[in-house]
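Q: I'd like to ask you about the structure that follows.
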Amino acid sequence: MATIFTKIINGEIPSYKVAEDDKHYAFLDINPVAPGHTLVVPKKEVDYIFKLEDQELADLNVFAKRVAKAMEKAMPCKRIGVTVIGLEVPHAHIHLIPINKESDMYFNKGKLTLDPKDMADMAQAIAKEFK
Ligand code: AMP
């Protein structure tokens with residue numbers, strides 16, 4: 001059965017899309033730990049990031065870098081934090097999180113539910129900067 005991220009990539013489930021190429025898709029996390037929290041996903045359905053082939057993993061990271069560069073321009077922050085968890089959704093993905101301090105990366109402090117209009121505006125702002 002297709003993962004929820006494959007359904008998002010195929011447009012069967014809506015997402016706040018940030019960027020896409022032929023092999024990757026990036027969209028806002030629906031329950032972000034910080035505003036602008038973005039997920040970067042390979043279109044190939046692999047349940048664990050380290051099951052990707054070397055080149056696929058390299059390509060995913062290079063795509064994530066392009067997304068992070070766009071986020072740096074669109075979101076006021078000191079850094080884009082990077083993490084991989086993968087315990088909730090069995091489809092490889094990288095979390096990119098705009099941060100000003102270490103605690104902005106804490107997943108155990110409770111996630112946010114932001115206004116849909118703010119989510120759409122953030123996704124659009126990042127998408128505009130994506131090169
Ligand atoms: P994990 O697999 O532990 O890295 O966590 C999966 C992440 O996906 C969580 O941060 C969720 O908030 C996020 N997530 C789950 N479903 C959706 C969705 N439909 N749209 C956007 N983000 C999602």
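Here, A, B, ... name the chains of the structure tokens in the order displayed, residue numbers run from 1 inside each chain, and ligands are numbered from 1 in the same displayed order.
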Throw together the list of residues within 10 Å of ligand 1, counting only C-alpha atoms and all ligand atoms, and drop it here as a VMD selection string.
A: chain A and resid 3 to 5 7 to 8 13 to 17 26 to 33 37 to 39 47 to 48 83 to 95 107 111 to 113
Q: Would you please extract all strand (DSSP E or B) residues from range 7-110 of chain A, as assigned by DSSP on the backbone, and give them as JSON, numbers by chain?
A: {"A": [17, 18, 19, 20, 24, 25, 26, 27, 28, 38, 39, 40, 41, 42, 79, 80, 81, 82, 83, 94, 95, 96, 97, 98, 99]}
Q: Nearest to Glu102 in chain A among A:Gly81, A:Lys131, A:Asp115, A:Gly11, with distances taken over only C-alpha atoms: which residue is it?
A: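 Closest residue, counting only C-alpha atoms: A:Gly81.
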Q: Quick check for you: according to DSSP on this backbone, which residues of range 2-127 of chain A are classed as helix (DSSP H, G or I)? Reply as a ChimeraX atom specification.
A: /A:4-9,49-51,54-74,102-105,107-109,116-127
Q: What's around range 128-130 of chain A at 8 Å? Count only C-alpha atoms, leave out sequence neighbours fewer than 2 positions away in its own chain, and write the answer as JSON, numbers by chain.
A: {"A": [18, 19, 66, 67, 69, 70, 71, 73, 74, 124, 125, 126]}
Q: Would you work out the distance separating CA of Ile99 in chain A from CA of Leu60 in chain A, expressed in Å to one decimal?
A: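 Here the two named atoms are 21.2 Å from each other.
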Q: So how far away is CA of Thr6 in chain A from CA of Lys109 in chain A, in Å?
A: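 Interatomic distance here is 28.1 Å.
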Q: Just to confirm, what's the straight-line distance from CA of Ile9 in chain A to CA of Tyr25 in chain A in Å (one decimal)?
A: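 CA of Tyr25 in chain A lies at a distance of 6.7 Å from CA of Ile9 in chain A.
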